[in-house]
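To be precise, the following lines are model19.cif, and they hold mmCIF, C-alpha atoms and all ligand atoms.
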```cif
data_upload
loop_
_atom_site.label_atom_id
_atom_site.label_comp_id
_atom_site.auth_asym_id
_atom_site.auth_seq_id
_atom_site.Cartn_x
_atom_site.Cartn_y
_atom_site.Cartn_z
CA MET A 269 134.83 85.48 104.02
CA PRO A 270 136.69 83.37 101.44
CA HIS A 271 135.11 83.21 98.02
CA THR A 272 134.94 79.64 96.71
CA ILE A 273 134.38 78.84 93.04
CA LEU A 274 133.49 75.44 91.63
CA SER A 275 134.85 75.42 88.08
CA LEU A 276 134.39 73.13 85.08
CA GLU A 277 136.56 72.65 81.97
CA SER A 278 135.50 70.51 79.02
CA SER A 279 136.86 72.20 75.90
CA CYS A 280 138.74 69.22 74.46
CA ASP A 281 139.35 65.66 75.68
CA GLU A 282 139.45 66.31 79.43
CA PHE A 283 136.45 66.75 81.69
CA ALA A 284 137.64 68.50 84.82
CA ALA A 285 136.29 70.15 87.96
CA ALA A 286 138.04 72.10 90.71
CA LEU A 287 137.37 74.07 93.87
CA VAL A 288 139.42 77.27 94.12
CA GLU A 289 139.33 79.77 96.98
CA ASP A 290 139.96 83.49 96.34
CA GLY A 291 141.46 82.79 92.94
CA ARG A 292 144.66 81.36 94.37
CA GLU A 293 144.11 78.54 96.83
CA LEU A 294 143.51 75.18 95.15
CA LEU A 295 141.26 73.07 97.40
CA ALA A 296 140.75 70.16 94.98
CA SER A 297 141.18 69.35 91.30
CA VAL A 298 139.89 66.30 89.44
CA VAL A 299 140.65 65.61 85.76
CA ALA A 300 139.02 62.77 83.80
CA SER A 301 141.42 62.38 80.88
CA GLN A 302 140.47 60.58 77.68
CA ALA A 303 144.04 60.47 76.33
CA GLU A 304 144.06 56.66 76.22
CA LEU A 305 140.70 56.54 74.45
CA HIS A 306 141.93 58.82 71.63
CA ALA A 307 145.48 57.44 71.45
CA ARG A 308 144.36 54.61 69.15
CA TYR A 309 143.18 57.20 66.58
CA GLY A 310 146.36 59.31 66.88
CA GLY A 311 144.34 62.43 67.79
CA VAL A 312 141.17 63.64 69.49
CA VAL A 313 137.91 62.49 67.85
CA PRO A 314 135.40 65.27 68.67
CA GLU A 315 132.23 63.14 68.71
CA VAL A 316 133.88 60.54 70.96
CA ALA A 317 135.13 63.30 73.31
CA GLY A 318 131.69 64.90 73.78
CA ARG A 319 129.98 61.58 74.46
CA GLU A 320 132.63 60.52 76.96
CA HIS A 321 132.30 63.85 78.80
CA LEU A 322 128.64 63.07 79.48
CA ARG A 323 129.71 60.01 81.46
CA SER A 324 132.24 62.00 83.50
CA VAL A 325 130.01 64.83 84.78
CA ALA A 326 128.57 63.17 87.90
CA PRO A 327 131.66 61.24 89.08
CA VAL A 328 133.99 64.21 88.57
CA LEU A 329 131.67 66.59 90.47
CA ASP A 330 131.25 64.11 93.33
CA GLY A 331 135.00 63.51 93.29
CA VAL A 332 136.03 67.15 93.59
CA LEU A 333 133.74 67.87 96.55
CA ALA A 334 134.90 64.68 98.29
CA GLU A 335 138.57 65.51 97.67
CA ALA A 336 138.11 68.97 99.22
CA GLY A 337 135.96 67.64 102.06
CA ARG A 338 133.34 70.31 101.20
CA ASP A 339 129.65 70.28 100.35
CA TRP A 340 127.53 72.47 98.09
CA ALA A 341 126.87 74.98 100.88
CA SER A 342 130.49 76.15 100.66
CA VAL A 343 130.29 76.97 96.93
CA ASP A 344 129.79 80.69 96.14
CA ALA A 345 129.89 80.61 92.33
CA ILE A 346 130.17 78.28 89.34
CA ALA A 347 132.66 78.93 86.53
CA VAL A 348 133.04 77.22 83.17
CA THR A 349 135.14 77.37 80.01
CA ARG A 350 133.08 79.20 77.37
CA GLY A 351 135.50 78.50 74.48
CA PRO A 352 137.37 78.19 72.28
CA GLY A 353 137.28 74.44 71.90
CA LEU A 354 135.31 71.55 70.40
CA GLY A 355 131.61 72.46 70.20
CA GLY A 356 130.20 69.16 71.48
CA SER A 357 132.74 69.04 74.32
CA LEU A 358 132.13 72.65 75.42
CA LEU A 359 128.37 72.16 75.44
CA VAL A 360 128.60 69.40 78.06
CA GLY A 361 130.52 71.60 80.51
CA ILE A 362 128.52 74.76 79.82
CA ASN A 363 125.17 73.04 80.26
CA ALA A 364 126.29 71.22 83.39
CA ALA A 365 127.51 74.54 84.83
CA LYS A 366 124.29 76.37 83.93
CA ALA A 367 122.19 73.60 85.49
CA LEU A 368 124.24 73.69 88.70
CA ALA A 369 124.04 77.49 88.88
CA TRP A 370 120.28 77.42 88.35
CA ALA A 371 119.71 74.64 90.89
CA ARG A 372 121.84 76.32 93.57
CA ASP A 373 120.94 79.93 92.65
CA LEU A 374 124.57 80.85 92.01
CA PRO A 375 126.28 83.03 89.39
CA CYS A 376 127.81 81.14 86.43
CA ILE A 377 131.03 82.83 85.29
CA PRO A 378 132.15 82.24 81.69
CA VAL A 379 135.93 81.96 81.16
CA HIS A 380 138.02 82.07 77.99
CA HIS A 381 140.11 78.89 77.79
CA ILE A 382 143.39 80.68 77.08
CA GLU A 383 142.82 83.18 79.87
CA GLY A 384 142.35 80.13 82.08
CA HIS A 385 145.71 78.66 81.01
CA LEU A 386 147.41 81.95 81.95
CA TYR A 387 145.79 82.05 85.39
CA ALA A 388 147.28 78.67 86.30
CA ASN A 389 150.23 80.94 87.17
CA TRP A 390 148.20 82.65 89.93
CA LEU A 391 147.38 79.43 91.76
CA ALA A 392 149.43 79.34 94.91
CA PRO A 393 150.23 75.77 95.91
CA SER A 394 153.92 74.97 95.61
CA LEU A 395 154.45 76.06 92.02
CA ASP A 396 157.91 75.41 90.63
CA ALA A 397 159.84 78.68 90.64
CA TYR A 398 157.14 80.17 92.86
CA ASP A 399 158.24 82.80 95.38
CA GLY A 400 154.90 83.41 97.10
CA THR A 401 153.77 86.51 95.21
CA PRO A 402 151.66 86.73 92.04
CA PRO A 403 153.57 87.59 88.83
CA PRO A 404 154.17 91.39 88.78
CA PHE A 405 152.60 93.40 85.90
CA PRO A 406 153.26 94.02 83.09
CA VAL A 407 153.44 90.27 82.42
CA LEU A 408 154.64 88.88 79.11
CA CYS A 409 152.66 85.68 78.44
CA LEU A 410 153.67 82.82 76.15
CA VAL A 411 150.68 80.54 75.50
CA VAL A 412 151.70 77.25 73.93
CA SER A 413 149.06 74.53 73.78
CA GLY A 414 147.68 71.98 71.34
CA GLY A 415 145.43 74.61 69.78
CA HIS A 416 147.20 77.94 70.40
CA THR A 417 150.55 79.67 70.17
CA GLU A 418 150.33 83.31 71.21
CA LEU A 419 152.45 86.02 72.75
CA LEU A 420 150.32 88.34 74.90
CA LEU A 421 151.15 91.40 76.95
CA MET A 422 149.08 91.51 80.14
CA ARG A 423 149.19 94.97 81.72
CA ASP A 424 146.70 94.11 84.47
CA HIS A 425 144.01 91.55 85.29
CA GLY A 426 141.75 91.18 82.26
CA HIS A 427 143.84 93.46 80.02
CA PHE A 428 145.47 91.53 77.19
CA GLN A 429 147.23 92.76 74.07
CA ARG A 430 148.10 90.13 71.49
CA LEU A 431 151.61 90.69 70.12
CA GLY A 432 151.79 87.68 67.84
CA GLN A 433 150.46 84.21 67.10
CA THR A 434 151.09 81.19 64.95
CA LEU A 435 150.32 81.52 61.27
CA ASP A 436 149.78 77.78 60.88
CA ASP A 437 150.24 74.91 63.36
CA ALA A 438 150.16 75.51 67.11
CA ALA A 439 153.35 74.49 68.94
CA GLY A 440 151.65 71.51 70.63
CA GLU A 441 150.08 70.47 67.34
CA ALA A 442 153.56 70.46 65.75
CA PHE A 443 154.85 68.27 68.61
CA ASP A 444 151.91 65.90 68.09
CA LYS A 445 152.32 65.68 64.30
CA VAL A 446 156.09 65.23 64.45
CA GLY A 447 155.61 62.64 67.20
CA ARG A 448 153.49 60.65 64.76
CA LEU A 449 156.12 61.00 61.99
CA LEU A 450 158.71 59.61 64.41
CA GLY A 451 156.49 56.68 65.37
CA LEU A 452 155.98 57.97 68.93
CA PRO A 453 152.72 57.59 70.90
CA PHE A 454 150.08 60.35 71.17
CA PRO A 455 150.31 62.99 72.59
CA GLY A 456 153.62 63.71 70.89
CA GLY A 457 154.85 66.48 73.21
CA PRO A 458 155.78 64.44 76.28
CA ALA A 459 156.91 61.53 74.06
CA ILE A 460 159.29 63.79 72.09
CA GLU A 461 160.66 65.32 75.28
CA ARG A 462 161.35 61.83 76.68
CA ALA A 463 162.91 60.58 73.42
CA ALA A 464 165.13 63.70 73.12
CA ARG A 465 166.46 63.56 76.67
CA ASP A 466 170.27 63.20 76.78
CA ARG A 467 170.47 62.70 73.00
CA ASP A 468 172.49 64.69 70.46
CA PRO A 469 170.47 66.40 67.70
CA ALA A 470 170.44 64.59 64.33
CA ALA A 471 171.32 67.86 62.57
CA ARG A 472 170.24 71.48 62.80
CA LEU A 473 166.67 71.85 61.56
CA PRO A 474 165.38 75.18 60.17
CA ARG A 475 163.95 77.98 62.35
CA ALA A 476 161.14 80.19 61.00
CA TRP A 477 162.11 83.54 62.52
CA LEU A 478 159.49 85.69 60.69
CA ARG A 479 161.71 88.65 61.53
CA GLY A 480 160.14 91.93 62.54
CA THR A 481 157.05 90.20 63.94
CA TYR A 482 156.11 88.25 67.04
CA ASP A 483 154.33 85.66 64.89
CA PHE A 484 155.30 82.01 64.65
CA SER A 485 155.20 79.29 62.01
CA PHE A 486 155.87 75.60 62.56
CA SER A 487 154.57 73.90 59.42
CA GLY A 488 157.88 74.29 57.52
CA LEU A 489 159.74 72.63 60.37
CA LYS A 490 157.26 69.77 60.36
CA THR A 491 157.81 69.33 56.61
CA ALA A 492 161.59 69.38 57.13
CA VAL A 493 161.23 66.48 59.58
CA LEU A 494 159.00 64.66 57.10
CA HIS A 495 161.62 65.00 54.33
CA ARG A 496 164.39 63.72 56.58
CA VAL A 497 162.31 60.73 57.65
CA ARG A 498 161.46 59.87 54.04
CA LYS A 499 165.07 60.26 52.88
CA GLU A 500 166.96 58.73 55.78
CA HIS A 501 164.44 56.33 57.33
CA PRO A 502 162.28 55.00 54.47
CA GLU A 503 161.55 51.83 56.46
CA GLY A 504 160.39 53.83 59.52
CA VAL A 505 162.25 55.52 62.38
CA THR A 506 163.80 52.97 64.73
CA ASP A 507 165.69 55.46 66.93
CA PRO A 508 163.62 58.68 67.22
CA GLY A 509 165.94 60.37 69.77
CA PRO A 510 168.23 62.47 67.51
CA LEU A 511 165.41 63.81 65.28
CA ALA A 512 163.20 64.44 68.34
CA ARG A 513 166.05 66.45 69.90
CA ALA A 514 166.67 68.46 66.70
CA PHE A 515 162.96 69.25 66.38
CA GLN A 516 162.60 70.25 70.04
CA ASP A 517 165.73 72.44 69.83
CA SER A 518 164.28 74.32 66.87
CA VAL A 519 160.84 74.93 68.45
CA VAL A 520 162.32 75.94 71.81
CA ASP A 521 164.88 78.28 70.24
CA VAL A 522 162.23 80.28 68.36
CA LEU A 523 159.74 80.38 71.24
CA ALA A 524 162.38 81.43 73.79
CA GLU A 525 164.03 84.03 71.53
CA LYS A 526 160.80 85.81 70.57
CA THR A 527 159.50 85.77 74.13
CA THR A 528 162.75 87.18 75.48
CA ARG A 529 162.78 89.95 72.87
CA ALA A 530 159.13 90.89 73.53
CA ALA A 531 159.71 90.98 77.30
CA ALA A 532 162.56 93.45 76.79
CA GLU A 533 160.72 95.60 74.25
CA PHE A 534 157.60 95.99 76.43
CA ASP A 535 159.45 96.35 79.76
CA ALA A 536 157.73 93.29 81.24
CA ARG A 537 158.45 92.71 84.93
CA SER A 538 157.77 88.98 84.63
CA VAL A 539 157.27 86.26 82.02
CA ILE A 540 154.77 83.43 82.36
CA ILE A 541 154.36 80.31 80.24
CA ALA A 542 151.01 78.54 79.92
CA GLY A 543 149.41 75.64 78.06
CA GLY A 544 150.43 72.02 77.61
CA VAL A 545 153.81 72.77 76.00
CA ALA A 546 154.78 74.80 79.10
CA ALA A 547 155.35 71.38 80.69
CA ASN A 548 158.43 71.06 78.46
CA GLY A 549 161.58 71.25 80.60
CA SER A 550 163.82 72.35 77.76
CA LEU A 551 161.52 75.34 76.98
CA ARG A 552 161.49 76.35 80.65
CA ALA A 553 165.27 76.14 80.92
CA ALA A 554 165.82 78.17 77.73
CA LEU A 555 163.48 80.94 78.88
CA GLN A 556 164.96 81.05 82.34
CA SER A 557 168.48 81.39 81.02
CA ARG A 558 167.65 84.03 78.36
CA CYS A 559 165.08 86.31 80.05
CA ALA A 560 166.27 89.18 82.25
CA VAL A 561 163.10 89.07 84.42
CA PRO A 562 161.70 86.17 86.50
CA VAL A 563 160.04 83.40 84.46
CA ARG A 564 157.13 81.47 86.00
CA TRP A 565 155.33 78.32 84.96
CA PRO A 566 152.67 76.15 86.52
CA PRO A 567 153.46 72.63 87.76
CA PRO A 568 152.94 70.07 84.92
CA ARG A 569 149.46 68.96 86.04
CA LEU A 570 148.26 72.59 85.83
CA CYS A 571 149.88 73.18 82.40
CA THR A 572 147.61 70.75 80.56
CA ASP A 573 143.84 71.23 80.58
CA ASN A 574 142.36 71.40 84.08
CA ALA A 575 139.56 73.27 85.86
CA ALA A 576 141.66 74.89 88.59
CA MET A 577 142.97 77.44 86.09
CA ILE A 578 139.36 78.26 85.10
CA GLY A 579 138.43 78.88 88.74
CA ALA A 580 141.42 81.20 89.20
CA ALA A 581 140.63 83.24 86.06
CA ALA A 582 136.93 83.42 87.02
CA HIS A 583 137.78 84.94 90.39
CA TYR A 584 139.67 87.88 88.86
CA ARG A 585 137.04 88.38 86.11
CA ARG A 586 134.29 88.49 88.71
CA GLN A 587 136.26 90.94 90.86
CA ALA A 588 136.49 93.29 87.88
CA ASP A 589 132.78 92.85 87.03
CA PRO A 590 130.65 91.57 89.93
CA SER A 591 127.60 91.17 87.68
CA LEU A 592 129.37 88.89 85.19
CA SER A 593 127.31 85.72 84.66
CA PHE A 594 125.83 83.63 81.87
CA ASP A 595 122.18 84.34 81.23
CA LEU A 596 121.06 80.83 82.19
CA PHE A 597 118.05 80.86 79.92
CA SER A 598 119.68 82.28 76.80
CA THR A 599 121.58 80.26 74.21
CA SER A 600 123.81 83.23 73.47
CA GLY A 601 125.29 84.13 76.87
CA PRO A 602 128.29 86.48 77.07
CA GLY A 603 130.77 85.44 74.44
CA VAL A 604 130.01 81.75 74.06
CA PHE A 605 132.49 80.24 71.57
CA GLN A 606 134.02 83.69 70.98
CA ALA A 607 137.66 83.66 69.96
CA GLY A 608 140.29 86.03 71.40
CA VAL A 609 141.21 86.64 75.00
CA GLY A 610 139.55 89.49 76.87
O1 LIG A 701 146.90 72.87 76.90
P1 LIG A 701 146.69 71.49 76.45
O2 LIG A 701 146.51 70.40 77.48
O3 LIG A 701 145.45 71.36 75.52
C1 LIG A 701 145.03 72.36 74.67
O4 LIG A 701 144.32 73.29 75.12
O5 LIG A 701 145.45 72.28 73.49
O6 LIG A 701 147.94 71.15 75.51
C2 LIG A 701 148.12 69.89 74.95
C3 LIG A 701 149.39 69.94 74.11
C4 LIG A 701 149.60 68.68 73.26
O7 LIG A 701 149.86 69.10 71.94
C5 LIG A 701 150.83 68.04 73.89
O8 LIG A 701 151.63 67.34 72.95
C6 LIG A 701 151.56 69.23 74.46
O9 LIG A 701 150.53 70.06 74.96
N1 LIG A 701 152.49 68.86 75.54
C7 LIG A 701 153.83 68.98 75.45
C8 LIG A 701 154.37 68.46 76.66
N2 LIG A 701 153.33 68.04 77.45
C9 LIG A 701 152.18 68.30 76.75
N3 LIG A 701 154.60 69.48 74.49
C10 LIG A 701 155.95 69.48 74.69
N4 LIG A 701 156.55 68.97 75.79
C11 LIG A 701 155.80 68.45 76.81
N5 LIG A 701 156.38 67.97 77.91
ZN ZN A 702 144.18 73.98 76.80
#
```
Entire entry expressed as structure tokens:
Amino acid sequence: MPHTILSLESSCDEFAAALVEDGRELLASVVASQAELHARYGGVVPEVAGREHLRSVAPVLDGVLAEAGRDWASVDAIAVTRGPGLGGSLLVGINAAKALAWARDLPCIPVHHIEGHLYANWLAPSLDAYDGTPPPFPVLCLVVSGGHTELLLMRDHGHFQRLGQTLDDAAGEAFDKVGRLLGLPFPGGPAIERAARDRDPAARLPRAWLRGTYDFSFSGLKTAVLHRVRKEHPEGVTDPGPLARAFQDSVVDVLAEKTTRAAAEFDARSVIIAGGVAANGSLRAALQSRCAVPVRWPPPRLCTDNAAMIGAAAHYRRQADPSLSFDLFSTSGPGVFQAGVG
């Protein structure tokens, strides 16, 4: 019998639901994005995000069942992002999930947001660079999102060792902040990638190698862009392409180099990229050309926040621990808002 999970994700400015079968087969995925709502503020406004999520719960749930052509009888478990994320946003998803689990007498599986991003690589449908088998362990994982930059070694399902992380800005955050400096729309990541396409770099920008560690730092690079903008474009940047390209080159070089080195040091049999910045084509190309083992990434719509990845991660968590569930009547269920994967 297939095991079907209905999953919810609401950690930031997306409210999403998905139906995933056996951790790999994506039956339906609906994402209500608030990107346009927050674009006018140049970043996510937490209070606005939480309130908007409340309006999305019913239509997104109805939408995902309709898209899959299923009804509640085919749902075996509920899963939901437990954190990390914005408190008000998380609460909407967690409480919706608990209510559904209680009403339907189903388990409610809590999932760490970053673990979810990684498991987007286990979803089967037509992934780019997908050869039909799950990534072989040990897997070297590069997580690059708006809130996180981490290198993790995954020896098996649920077993994560953190090798390094950012000491300041996350990679996506750096893209967003530099996008703003260059006068590009929010979110900055896709806008910078578009602006940089087929352009020559303005000049070589610095790389923070932090030698001898697998840690990252992007705030110095951001400041370097700021200085160049102030010095060379005091009236504002009219042609962001060359600086966008130089910035992207610097971020991609450091991410790809450290990931490649870690994969070799820990004898990884595959490399996966996860999180919003994994949608970046230049990062994918650099990793593919430098790594000696296969590099996988999810299709762009599964790189940014979505619930399908939460359903996939929940399946493997539940396999490892069949009793795993939120206590529906406690405010302190397993690991709510806890940081750290695993
Ligand atoms: O994973 P995600 O959707 O949300 C978080 O959990 O943070 O990541 C969003 C981040 C944003 O900072 C956005 O600028 C970045 O991912 N991003 C990109 C690209 N697409 C999204 N960064 C670089 N290149 C892209 N193509
Ligand atoms: Zn995310």
Site check for ligand LIG 701 (chain A): residues at most 10 Å away, only C-alpha atoms and all ligand atoms, as a PyMOL selection string: chain A and resi 279-282+311+352-353+381-382+384-385+411-417+438-447+454-462+516+519-520+542-551+568-574
What is the atom CA of Ala492 of chain A to atom CA of Asp517 of chain A distance in Å?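 So the answer is 13.7 Å.
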Give me the box for segment 331-334 of chain A as lines of an AutoDock Vina configuration file, namely the centre and edge lengths in Å to one decimal of a box along x, y and z that holds every listed atom plus 5 Å on each side.
```
center_x = 134.9
center_y = 65.7
center_z = 95.8
size_x = 12.3
size_y = 14.4
size_z = 15.0
```
List the residues sitting within 10 Å of (165.9, 65.4, 57.6) in the file's frame, using all atoms listed in the file, as a count of residues only. 18
What's the 10 Å shell around Ala369 of chain A, counting all atoms listed in the file, without same-chain residues fewer than 2 positions away, as a short mmCIF file (atom, residue, chain, number, x, y, z; two decimals) with C-alpha atoms, in the coordinates of the input?
```
data_model
loop_
_atom_site.label_atom_id
_atom_site.label_comp_id
_atom_site.auth_asym_id
_atom_site.auth_seq_id
_atom_site.Cartn_x
_atom_site.Cartn_y
_atom_site.Cartn_z
CA ASP A 344 129.79 80.69 96.14
CA ALA A 345 129.89 80.61 92.33
CA ILE A 346 130.17 78.28 89.34
CA ALA A 347 132.66 78.93 86.53
CA ASN A 363 125.17 73.04 80.26
CA ALA A 364 126.29 71.22 83.39
CA ALA A 365 127.51 74.54 84.83
CA LYS A 366 124.29 76.37 83.93
CA ALA A 367 122.19 73.60 85.49
CA ALA A 371 119.71 74.64 90.89
CA ARG A 372 121.84 76.32 93.57
CA ASP A 373 120.94 79.93 92.65
CA LEU A 374 124.57 80.85 92.01
CA PRO A 375 126.28 83.03 89.39
CA CYS A 376 127.81 81.14 86.43
CA ILE A 377 131.03 82.83 85.29
CA SER A 593 127.31 85.72 84.66
CA PHE A 594 125.83 83.63 81.87
CA LEU A 596 121.06 80.83 82.19
#
```
Which residue gives the smallest distance to ligand ZN 702 (chain A) among A:Tyr387, A:Trp370, A:Tyr482, A:Tyr309, with only C-alpha atoms and all ligand atoms counted? A:Tyr387
Nearby residues (only C-alpha atoms) at most 8 Å from Gly579 of chain A, same-chain spacing under 3 positions excluded, as an NGL selection string: :A and (273-276 or 286-288 or 291 or 347-348 or 384 or 575-576 or 582-583)
In Å, with one decimal, what is the gap from atom CA of Asp466 of chain A to atom CA of Pro453 of chain A?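 Distance reported for this atom pair: 19.3 Å.
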